[in-house]
>>> print(open('model.cif').read())   # mmCIF, N, CA and C atoms
data_entry
#
loop_
_atom_site.label_atom_id
_atom_site.label_comp_id
_atom_site.auth_asym_id
_atom_site.auth_seq_id
_atom_site.Cartn_x
_atom_site.Cartn_y
_atom_site.Cartn_z
N MET A 104 109.23 85.04 79.31
CA MET A 104 110.24 84.16 79.89
C MET A 104 109.89 83.82 81.34
N ILE A 105 109.52 84.83 82.13
CA ILE A 105 109.17 84.59 83.53
C ILE A 105 107.96 83.67 83.61
N ARG A 106 106.94 83.96 82.80
CA ARG A 106 105.72 83.14 82.82
C ARG A 106 106.05 81.70 82.40
N ALA A 107 106.92 81.54 81.41
CA ALA A 107 107.31 80.20 80.97
C ALA A 107 108.02 79.45 82.10
N SER A 108 108.87 80.15 82.86
CA SER A 108 109.56 79.52 83.99
C SER A 108 108.57 79.08 85.05
N LEU A 109 107.60 79.95 85.35
CA LEU A 109 106.57 79.61 86.34
C LEU A 109 105.76 78.41 85.89
N LEU A 110 105.37 78.39 84.62
CA LEU A 110 104.58 77.28 84.11
C LEU A 110 105.37 75.97 84.16
N ALA A 111 106.65 76.03 83.87
CA ALA A 111 107.49 74.83 83.93
C ALA A 111 107.58 74.32 85.36
N VAL A 112 107.78 75.22 86.32
CA VAL A 112 107.84 74.82 87.72
C VAL A 112 106.51 74.22 88.14
N ALA A 113 105.41 74.87 87.77
CA ALA A 113 104.08 74.38 88.16
C ALA A 113 103.81 73.00 87.56
N ALA A 114 104.16 72.80 86.31
CA ALA A 114 103.91 71.51 85.66
C ALA A 114 104.73 70.41 86.32
N LEU A 115 105.99 70.68 86.61
CA LEU A 115 106.82 69.67 87.24
C LEU A 115 106.39 69.39 88.66
N SER A 116 106.02 70.44 89.40
CA SER A 116 105.61 70.22 90.77
C SER A 116 104.29 69.48 90.84
N PHE A 117 103.38 69.74 89.90
CA PHE A 117 102.12 69.04 89.89
C PHE A 117 102.33 67.56 89.62
N SER A 118 103.22 67.24 88.70
CA SER A 118 103.48 65.82 88.42
C SER A 118 104.17 65.16 89.60
N ALA A 119 104.98 65.91 90.33
CA ALA A 119 105.65 65.35 91.50
C ALA A 119 104.65 65.03 92.60
N CYS A 120 103.53 65.76 92.63
CA CYS A 120 102.53 65.55 93.67
C CYS A 120 102.00 64.13 93.65
N ALA A 121 101.92 63.53 92.50
CA ALA A 121 101.39 62.17 92.38
C ALA A 121 102.25 61.17 93.14
N SER A 122 103.52 61.51 93.39
CA SER A 122 104.40 60.58 94.07
C SER A 122 104.37 60.75 95.59
N ALA A 123 103.63 61.72 96.12
CA ALA A 123 103.57 61.93 97.56
C ALA A 123 102.97 60.71 98.25
N PRO A 124 103.51 60.30 99.40
CA PRO A 124 103.06 59.08 100.04
C PRO A 124 101.62 59.15 100.54
N ARG A 125 101.21 60.26 101.11
CA ARG A 125 99.85 60.48 101.56
C ARG A 125 99.71 61.97 101.87
N PRO A 126 98.51 62.51 101.78
CA PRO A 126 98.33 63.94 102.07
C PRO A 126 98.85 64.29 103.46
N GLY A 127 99.64 65.35 103.53
CA GLY A 127 100.14 65.82 104.81
C GLY A 127 101.45 65.22 105.28
N ALA A 128 101.92 64.16 104.64
CA ALA A 128 103.14 63.51 105.11
C ALA A 128 104.35 64.44 105.06
N TRP A 129 104.37 65.33 104.11
CA TRP A 129 105.49 66.26 103.95
C TRP A 129 104.98 67.71 103.98
N ASP A 130 103.92 67.95 104.74
CA ASP A 130 103.31 69.28 104.80
C ASP A 130 104.36 70.35 105.09
N ALA A 131 104.27 71.47 104.37
CA ALA A 131 105.28 72.53 104.46
C ALA A 131 105.48 73.05 105.87
N VAL A 132 104.41 73.25 106.61
CA VAL A 132 104.53 73.81 107.96
C VAL A 132 105.25 72.84 108.90
N ALA A 133 105.00 71.54 108.74
CA ALA A 133 105.66 70.55 109.59
C ALA A 133 107.08 70.26 109.13
N ALA A 134 107.28 70.14 107.82
CA ALA A 134 108.59 69.74 107.29
C ALA A 134 109.57 70.90 107.14
N ALA A 135 109.05 72.10 106.93
CA ALA A 135 109.92 73.28 106.72
C ALA A 135 109.40 74.47 107.52
N PRO A 136 109.32 74.32 108.85
CA PRO A 136 108.72 75.39 109.66
C PRO A 136 109.52 76.69 109.69
N ALA A 137 110.81 76.64 109.47
CA ALA A 137 111.61 77.87 109.49
C ALA A 137 111.29 78.78 108.30
N SER A 138 110.80 78.18 107.21
CA SER A 138 110.50 78.99 106.02
C SER A 138 109.00 79.16 105.77
N HIS A 139 108.15 78.49 106.54
CA HIS A 139 106.69 78.57 106.35
C HIS A 139 106.01 78.93 107.66
N THR A 140 105.52 80.16 107.74
CA THR A 140 104.83 80.64 108.93
C THR A 140 103.34 80.75 108.65
N VAL A 141 102.53 80.16 109.50
CA VAL A 141 101.08 80.24 109.34
C VAL A 141 100.62 81.61 109.86
N LEU A 142 100.01 82.40 108.96
CA LEU A 142 99.45 83.69 109.34
C LEU A 142 97.98 83.55 109.72
N LEU A 143 97.29 82.63 109.06
CA LEU A 143 95.88 82.37 109.33
C LEU A 143 95.57 80.96 108.83
N GLU A 144 94.82 80.22 109.65
CA GLU A 144 94.38 78.90 109.19
C GLU A 144 93.04 78.58 109.85
N ASN A 145 92.09 78.17 109.02
CA ASN A 145 90.81 77.69 109.53
C ASN A 145 90.30 76.63 108.56
N GLU A 146 89.05 76.23 108.66
CA GLU A 146 88.53 75.17 107.80
C GLU A 146 88.39 75.59 106.35
N ASP A 147 88.50 76.90 106.06
CA ASP A 147 88.32 77.39 104.69
C ASP A 147 89.60 77.82 103.99
N VAL A 148 90.60 78.25 104.74
CA VAL A 148 91.79 78.83 104.11
C VAL A 148 93.01 78.68 105.01
N ARG A 149 94.16 78.64 104.34
CA ARG A 149 95.45 78.66 105.04
C ARG A 149 96.30 79.73 104.37
N VAL A 150 96.83 80.64 105.16
CA VAL A 150 97.70 81.69 104.63
C VAL A 150 99.09 81.50 105.23
N LEU A 151 100.07 81.31 104.36
CA LEU A 151 101.45 81.12 104.79
C LEU A 151 102.33 82.26 104.31
N ARG A 152 103.27 82.65 105.15
CA ARG A 152 104.35 83.53 104.71
C ARG A 152 105.55 82.62 104.48
N VAL A 153 106.08 82.67 103.27
CA VAL A 153 107.25 81.87 102.91
C VAL A 153 108.44 82.82 102.88
N SER A 154 109.43 82.53 103.68
CA SER A 154 110.61 83.38 103.76
C SER A 154 111.86 82.51 103.76
N ILE A 155 112.77 82.80 102.82
CA ILE A 155 114.01 82.02 102.69
C ILE A 155 115.17 83.00 102.63
N ALA A 156 116.10 82.87 103.55
CA ALA A 156 117.26 83.76 103.60
C ALA A 156 118.15 83.57 102.38
N PRO A 157 118.94 84.60 102.03
CA PRO A 157 119.84 84.49 100.88
C PRO A 157 120.79 83.30 101.04
N GLY A 158 120.88 82.48 99.99
CA GLY A 158 121.77 81.33 99.98
C GLY A 158 121.20 80.09 100.64
N ASP A 159 120.12 80.22 101.39
CA ASP A 159 119.55 79.07 102.09
C ASP A 159 118.77 78.17 101.15
N VAL A 160 118.71 76.88 101.53
CA VAL A 160 117.85 75.90 100.88
C VAL A 160 116.89 75.42 101.96
N GLU A 161 115.59 75.60 101.70
CA GLU A 161 114.61 75.15 102.70
C GLU A 161 114.51 73.62 102.66
N PRO A 162 114.03 73.00 103.74
CA PRO A 162 113.87 71.54 103.72
C PRO A 162 112.82 71.10 102.70
N MET A 163 112.96 69.88 102.26
CA MET A 163 112.03 69.28 101.31
C MET A 163 110.64 69.23 101.95
N HIS A 164 109.61 69.53 101.13
CA HIS A 164 108.23 69.55 101.62
C HIS A 164 107.27 69.52 100.44
N GLU A 165 105.97 69.55 100.74
CA GLU A 165 104.95 69.62 99.70
C GLU A 165 103.83 70.58 100.12
N HIS A 166 103.03 70.96 99.14
CA HIS A 166 101.81 71.75 99.36
C HIS A 166 100.68 70.94 98.74
N GLY A 167 99.78 70.46 99.57
CA GLY A 167 98.76 69.54 99.11
C GLY A 167 97.53 70.18 98.48
N TRP A 168 97.45 71.49 98.53
CA TRP A 168 96.27 72.18 98.01
C TRP A 168 96.63 73.20 96.95
N GLN A 169 95.68 73.52 96.12
CA GLN A 169 95.84 74.62 95.17
C GLN A 169 96.02 75.91 95.97
N SER A 170 96.67 76.88 95.37
CA SER A 170 96.88 78.13 96.10
C SER A 170 97.23 79.26 95.15
N VAL A 171 97.29 80.43 95.72
CA VAL A 171 97.77 81.61 95.03
C VAL A 171 99.08 82.01 95.69
N MET A 172 100.10 82.24 94.87
CA MET A 172 101.38 82.74 95.37
C MET A 172 101.47 84.23 95.04
N TYR A 173 101.75 85.03 96.07
CA TYR A 173 101.94 86.46 95.90
C TYR A 173 103.39 86.76 96.25
N PHE A 174 104.15 87.27 95.27
CA PHE A 174 105.58 87.51 95.44
C PHE A 174 105.81 88.90 96.02
N GLU A 175 106.08 88.93 97.32
CA GLU A 175 106.28 90.18 98.04
C GLU A 175 107.70 90.71 97.86
N LYS A 176 108.68 89.83 98.05
CA LYS A 176 110.10 90.18 97.88
C LYS A 176 110.76 89.04 97.09
N PRO A 177 110.54 89.02 95.79
CA PRO A 177 111.08 87.92 94.98
C PRO A 177 112.60 88.00 94.84
N GLN A 178 113.18 86.83 94.65
CA GLN A 178 114.61 86.67 94.40
C GLN A 178 114.76 85.54 93.39
N PRO A 179 115.89 85.45 92.70
CA PRO A 179 116.09 84.28 91.83
C PRO A 179 116.20 83.03 92.70
N ILE A 180 115.59 81.94 92.23
CA ILE A 180 115.57 80.71 93.02
C ILE A 180 115.98 79.51 92.17
N THR A 181 116.33 78.45 92.86
CA THR A 181 116.46 77.13 92.25
C THR A 181 115.37 76.28 92.87
N TYR A 182 114.50 75.73 92.03
CA TYR A 182 113.40 74.88 92.46
C TYR A 182 113.86 73.43 92.30
N ILE A 183 113.92 72.70 93.39
CA ILE A 183 114.46 71.34 93.40
C ILE A 183 113.30 70.35 93.54
N VAL A 184 113.13 69.48 92.56
CA VAL A 184 112.02 68.53 92.52
C VAL A 184 112.51 67.15 92.95
N TYR A 185 111.70 66.48 93.78
CA TYR A 185 112.03 65.15 94.27
C TYR A 185 110.95 64.15 93.88
N ASP A 186 111.35 62.90 93.72
CA ASP A 186 110.44 61.77 93.58
C ASP A 186 110.68 60.85 94.77
N LEU A 187 109.67 60.07 95.12
CA LEU A 187 109.86 59.02 96.11
C LEU A 187 110.15 57.72 95.39
N VAL A 188 111.28 57.11 95.71
CA VAL A 188 111.67 55.82 95.13
C VAL A 188 111.78 54.84 96.29
N ASP A 189 110.87 53.88 96.31
CA ASP A 189 110.80 52.93 97.43
C ASP A 189 110.72 53.65 98.77
N GLY A 190 109.96 54.74 98.80
CA GLY A 190 109.75 55.49 100.03
C GLY A 190 110.86 56.47 100.39
N THR A 191 111.89 56.54 99.56
CA THR A 191 113.02 57.44 99.82
C THR A 191 113.02 58.59 98.82
N PRO A 192 113.11 59.84 99.30
CA PRO A 192 113.17 60.97 98.37
C PRO A 192 114.46 60.96 97.56
N VAL A 193 114.31 61.14 96.24
CA VAL A 193 115.45 61.20 95.33
C VAL A 193 115.30 62.44 94.46
N GLU A 194 116.36 63.26 94.43
CA GLU A 194 116.30 64.46 93.61
C GLU A 194 116.12 64.09 92.14
N ARG A 195 115.13 64.74 91.49
CA ARG A 195 114.86 64.47 90.08
C ARG A 195 115.37 65.58 89.18
N GLU A 196 115.18 66.83 89.61
CA GLU A 196 115.51 67.94 88.71
C GLU A 196 115.70 69.23 89.49
N ARG A 197 116.53 70.10 88.92
CA ARG A 197 116.71 71.47 89.45
C ARG A 197 116.32 72.44 88.35
N ILE A 198 115.51 73.41 88.72
CA ILE A 198 115.03 74.40 87.75
C ILE A 198 115.45 75.78 88.24
N GLU A 199 116.23 76.46 87.43
CA GLU A 199 116.64 77.83 87.75
C GLU A 199 115.54 78.77 87.31
N ALA A 200 115.05 79.60 88.22
CA ALA A 200 113.99 80.55 87.89
C ALA A 200 114.45 81.96 88.27
N PRO A 201 114.16 82.93 87.42
CA PRO A 201 114.52 84.31 87.73
C PRO A 201 113.61 84.86 88.82
N ALA A 202 113.97 86.00 89.36
CA ALA A 202 113.10 86.68 90.32
C ALA A 202 111.82 87.10 89.61
N MET A 203 110.68 86.80 90.22
CA MET A 203 109.39 87.22 89.67
C MET A 203 109.22 88.72 89.92
N PRO A 204 108.34 89.38 89.20
CA PRO A 204 108.10 90.80 89.47
C PRO A 204 107.47 90.99 90.86
N VAL A 205 107.86 92.03 91.55
CA VAL A 205 107.26 92.36 92.85
C VAL A 205 105.75 92.55 92.65
N GLY A 206 104.98 91.94 93.54
CA GLY A 206 103.53 92.09 93.48
C GLY A 206 102.83 91.12 92.55
N LEU A 207 103.56 90.26 91.86
CA LEU A 207 102.94 89.28 90.97
C LEU A 207 102.17 88.25 91.80
N ALA A 208 100.97 87.91 91.36
CA ALA A 208 100.18 86.85 91.98
C ALA A 208 99.94 85.79 90.92
N GLU A 209 100.21 84.53 91.25
CA GLU A 209 100.05 83.43 90.31
C GLU A 209 99.30 82.28 90.96
N TRP A 210 98.46 81.63 90.20
CA TRP A 210 97.75 80.43 90.62
C TRP A 210 98.71 79.25 90.56
N ALA A 211 98.65 78.37 91.56
CA ALA A 211 99.49 77.18 91.57
C ALA A 211 98.66 75.98 91.99
N GLY A 212 98.85 74.88 91.31
CA GLY A 212 98.21 73.64 91.72
C GLY A 212 98.94 73.07 92.92
N PRO A 213 98.49 71.93 93.43
CA PRO A 213 99.24 71.28 94.51
C PRO A 213 100.68 71.02 94.06
N GLU A 214 101.60 71.14 94.99
CA GLU A 214 103.01 70.93 94.66
C GLU A 214 103.52 69.70 95.40
N GLY A 215 104.12 68.80 94.65
CA GLY A 215 104.71 67.61 95.24
C GLY A 215 106.01 67.94 95.95
N LEU A 216 106.76 66.92 96.28
CA LEU A 216 107.99 67.11 97.04
C LEU A 216 108.97 68.03 96.31
N HIS A 217 109.40 69.06 97.02
CA HIS A 217 110.31 70.04 96.44
C HIS A 217 111.02 70.79 97.56
N ALA A 218 112.01 71.53 97.18
CA ALA A 218 112.70 72.47 98.05
C ALA A 218 113.04 73.68 97.19
N VAL A 219 113.29 74.80 97.83
CA VAL A 219 113.65 76.02 97.11
C VAL A 219 114.94 76.57 97.70
N GLN A 220 115.87 76.91 96.81
CA GLN A 220 117.10 77.60 97.22
C GLN A 220 116.99 79.04 96.77
N ASN A 221 117.26 79.97 97.68
CA ASN A 221 117.28 81.39 97.34
C ASN A 221 118.68 81.73 96.83
N ARG A 222 118.77 82.06 95.53
CA ARG A 222 120.05 82.44 94.93
C ARG A 222 120.29 83.94 94.99
N GLY A 223 119.37 84.67 95.58
CA GLY A 223 119.46 86.13 95.61
C GLY A 223 120.34 86.64 96.74
N THR A 224 120.35 87.97 96.85
CA THR A 224 121.17 88.65 97.86
C THR A 224 120.33 89.15 99.04
N GLU A 225 119.03 88.99 98.95
CA GLU A 225 118.12 89.38 100.03
C GLU A 225 117.15 88.24 100.29
N ALA A 226 116.38 88.35 101.36
CA ALA A 226 115.40 87.30 101.68
C ALA A 226 114.34 87.21 100.58
N PHE A 227 113.96 85.99 100.24
CA PHE A 227 112.82 85.73 99.38
C PHE A 227 111.60 85.70 100.29
N VAL A 228 110.56 86.48 99.95
CA VAL A 228 109.34 86.49 100.76
C VAL A 228 108.14 86.43 99.83
N ALA A 229 107.23 85.49 100.12
CA ALA A 229 106.00 85.37 99.35
C ALA A 229 104.88 84.95 100.30
N LEU A 230 103.66 85.19 99.88
CA LEU A 230 102.49 84.72 100.61
C LEU A 230 101.85 83.62 99.79
N ARG A 231 101.40 82.56 100.44
CA ARG A 231 100.70 81.46 99.78
C ARG A 231 99.35 81.36 100.47
N VAL A 232 98.29 81.53 99.66
CA VAL A 232 96.92 81.50 100.18
C VAL A 232 96.18 80.35 99.55
#
>>> encode(input="model.cif", output="structure tokens")
Amino acid sequence: MIRASLLAVAALSFSACASAPRPGAWDAVAAAPASHTVLLENEDVRVLRVSIAPGDVEPMHEHGWQSVMYFEKPQPITYIVYDLVDGTPVERERIEAPAMPVGLAEWAGPEGLHAVQNRGTEAFVALRV
């Protein structure tokens, strides 16, 4: 069930990526800096700590590169997918996902416009490499 939820989120986010206006326009660090902290960045790799407080919804953003997500402190989330319609973001879908197992690492393709709401009682924390 968890793997199926992850695959559904990945498939929808990958298809949303095609609607992004240009690479970097909605970059996570620029668009959602409160929830995306750069731990390391160079010409070969970018390491982000993603942290979302309980009940918070992070701002809409995208991830333009493939990555690995490592779930350090998972919580149940709502994954909100957006499309651009005439240059304006429009919510397309909400996907309820359970908390992933602590320590799970998953491959993810580029993610188009999305936001994440933490439905849990503690901070959601993950690393994206």
>>> closest_residue(input="model.cif", among="A:Ala202, A:Ala226, A:Val150, A:Ala208", to="Pro179 of chain A", atoms="only N, CA and C atoms")
A:Ala202
>>> resolve_selection(input="model.cif", expression="the PyMOL selection byres (((chain A and resi 148 and name CA) around 12) and name CA)", output="NGL selection string")
:A and (141-147 or 149-151 or 168-171 or 231-232)
>>> closest_residue(input="model.cif", among="A:His164, A:Pro213, A:Pro177, A:Gly190", to="Ala133 of chain A", atoms="all atoms listed in the file")
A:His164
>>> residues_around(input="model.cif", residues="Phe174 of chain A", least_positions_apart="2", cutoff="6 Å", atoms="all atoms listed in the file", output="PyMOL selection string")
chain A and resi 172+176-177+204-208+228-230
>>> select_by_dssp(input="model.cif", residues="chain A", states="alpha helix (DSSP H)", output="list in words")
Ile105, Arg106, Ala107, Ser108, Leu109, Leu110, Ala111, Val112, Ala113, Ala114, Leu115, Ser116, Phe117, Ser118, Ala119, Cys120, Ala131, Val132, Ala133 and Ala134 of chain A
>>> select_by_dssp(input="model.cif", residues="segment 149-223 of chain A", states="strand (DSSP E)", output="PyMOL selection string")
chain A and resi 149-155+164-166+170-176+180-188+191-200+208-211+214-221
>>> resolve_selection(input="model.cif", expression="the PyMOL selection byres (((chain A and resi 194 and name CA) around 9) and name CA)", output="ChimeraX atom specification")
/A:183-187,192-193,195-197,217
>>> decode(input="model.cif", residues="segment 136-149 of chain A", atoms="all heavy atoms", output="short mmCIF file (atom, residue, chain, number, x, y, z; two decimals), in the first residue's frame")
data_model
loop_
_atom_site.label_atom_id
_atom_site.label_comp_id
_atom_site.auth_asym_id
_atom_site.auth_seq_id
_atom_site.Cartn_x
_atom_site.Cartn_y
_atom_site.Cartn_z
N PRO A 136 11.49 28.35 0.64
CA PRO A 136 12.72 28.31 1.43
C PRO A 136 12.53 27.91 2.89
O PRO A 136 13.45 27.37 3.50
CB PRO A 136 13.26 29.75 1.32
CG PRO A 136 12.04 30.58 1.06
CD PRO A 136 11.13 29.70 0.23
N ALA A 137 11.36 28.12 3.45
CA ALA A 137 11.13 27.74 4.85
C ALA A 137 11.12 26.23 5.04
O ALA A 137 11.43 25.73 6.11
CB ALA A 137 9.83 28.35 5.36
N SER A 138 10.79 25.49 3.97
CA SER A 138 10.73 24.03 4.10
C SER A 138 11.87 23.32 3.38
O SER A 138 12.01 22.11 3.51
CB SER A 138 9.39 23.50 3.58
OG SER A 138 9.17 23.89 2.24
N HIS A 139 12.71 24.04 2.64
CA HIS A 139 13.82 23.43 1.90
C HIS A 139 15.13 24.13 2.25
O HIS A 139 15.35 25.27 1.84
CB HIS A 139 13.57 23.53 0.39
CG HIS A 139 12.43 22.69 -0.06
ND1 HIS A 139 11.13 23.09 0.06
CD2 HIS A 139 12.40 21.47 -0.64
CE1 HIS A 139 10.33 22.15 -0.42
NE2 HIS A 139 11.08 21.16 -0.84
N THR A 140 15.98 23.44 2.99
CA THR A 140 17.27 23.98 3.39
C THR A 140 18.37 23.27 2.63
O THR A 140 18.42 22.03 2.60
CB THR A 140 17.49 23.75 4.92
OG1 THR A 140 16.41 24.34 5.63
CG2 THR A 140 18.80 24.34 5.37
N VAL A 141 19.24 24.04 2.00
CA VAL A 141 20.37 23.45 1.27
C VAL A 141 21.44 23.06 2.28
O VAL A 141 21.96 23.90 3.01
CB VAL A 141 20.95 24.45 0.24
CG1 VAL A 141 22.17 23.85 -0.45
CG2 VAL A 141 19.90 24.84 -0.77
N LEU A 142 21.76 21.76 2.33
CA LEU A 142 22.83 21.27 3.19
C LEU A 142 24.16 21.22 2.43
O LEU A 142 25.21 21.42 3.02
CB LEU A 142 22.49 19.87 3.72
CG LEU A 142 21.21 19.77 4.54
CD1 LEU A 142 20.98 18.34 4.99
CD2 LEU A 142 21.26 20.70 5.74
N LEU A 143 24.09 20.95 1.14
CA LEU A 143 25.27 20.90 0.28
C LEU A 143 24.82 21.11 -1.15
O LEU A 143 23.79 20.55 -1.57
CB LEU A 143 25.96 19.53 0.39
CG LEU A 143 27.09 19.26 -0.61
CD1 LEU A 143 28.31 20.11 -0.28
CD2 LEU A 143 27.45 17.78 -0.60
N GLU A 144 25.57 21.94 -1.88
CA GLU A 144 25.27 22.10 -3.30
C GLU A 144 26.56 22.42 -4.04
O GLU A 144 27.33 23.27 -3.62
CB GLU A 144 24.25 23.21 -3.52
CG GLU A 144 23.82 23.34 -4.96
CD GLU A 144 22.63 24.27 -5.15
OE1 GLU A 144 22.37 25.13 -4.29
OE2 GLU A 144 21.94 24.12 -6.17
N ASN A 145 26.79 21.68 -5.12
CA ASN A 145 27.90 21.97 -6.01
C ASN A 145 27.49 21.56 -7.42
O ASN A 145 26.31 21.28 -7.66
CB ASN A 145 29.19 21.27 -5.54
CG ASN A 145 29.08 19.76 -5.49
OD1 ASN A 145 28.43 19.13 -6.34
ND2 ASN A 145 29.71 19.15 -4.50
N GLU A 146 28.42 21.49 -8.35
CA GLU A 146 28.07 21.17 -9.73
C GLU A 146 27.62 19.73 -9.92
O GLU A 146 27.04 19.38 -10.95
CB GLU A 146 29.23 21.48 -10.69
CG GLU A 146 30.49 20.70 -10.42
CD GLU A 146 31.37 21.28 -9.31
OE1 GLU A 146 31.08 22.36 -8.78
OE2 GLU A 146 32.36 20.62 -8.97
N ASP A 147 27.83 18.87 -8.91
CA ASP A 147 27.47 17.46 -9.03
C ASP A 147 26.25 17.03 -8.24
O ASP A 147 25.58 16.06 -8.59
CB ASP A 147 28.65 16.58 -8.59
CG ASP A 147 29.88 16.78 -9.46
OD1 ASP A 147 29.72 16.88 -10.69
OD2 ASP A 147 30.99 16.85 -8.90
N VAL A 148 25.95 17.72 -7.15
CA VAL A 148 24.87 17.24 -6.27
C VAL A 148 24.27 18.40 -5.48
O VAL A 148 24.91 19.41 -5.23
CB VAL A 148 25.42 16.16 -5.28
CG1 VAL A 148 26.37 16.76 -4.27
CG2 VAL A 148 24.29 15.41 -4.59
N ARG A 149 23.00 18.20 -5.12
CA ARG A 149 22.31 19.13 -4.23
C ARG A 149 21.65 18.29 -3.15
O ARG A 149 20.93 17.34 -3.45
CB ARG A 149 21.24 19.90 -4.99
CG ARG A 149 20.46 20.89 -4.13
CD ARG A 149 19.28 21.44 -4.91
NE ARG A 149 19.36 22.89 -4.98
CZ ARG A 149 18.36 23.66 -5.42
NH1 ARG A 149 17.26 23.11 -5.89
NH2 ARG A 149 18.49 24.97 -5.43
#
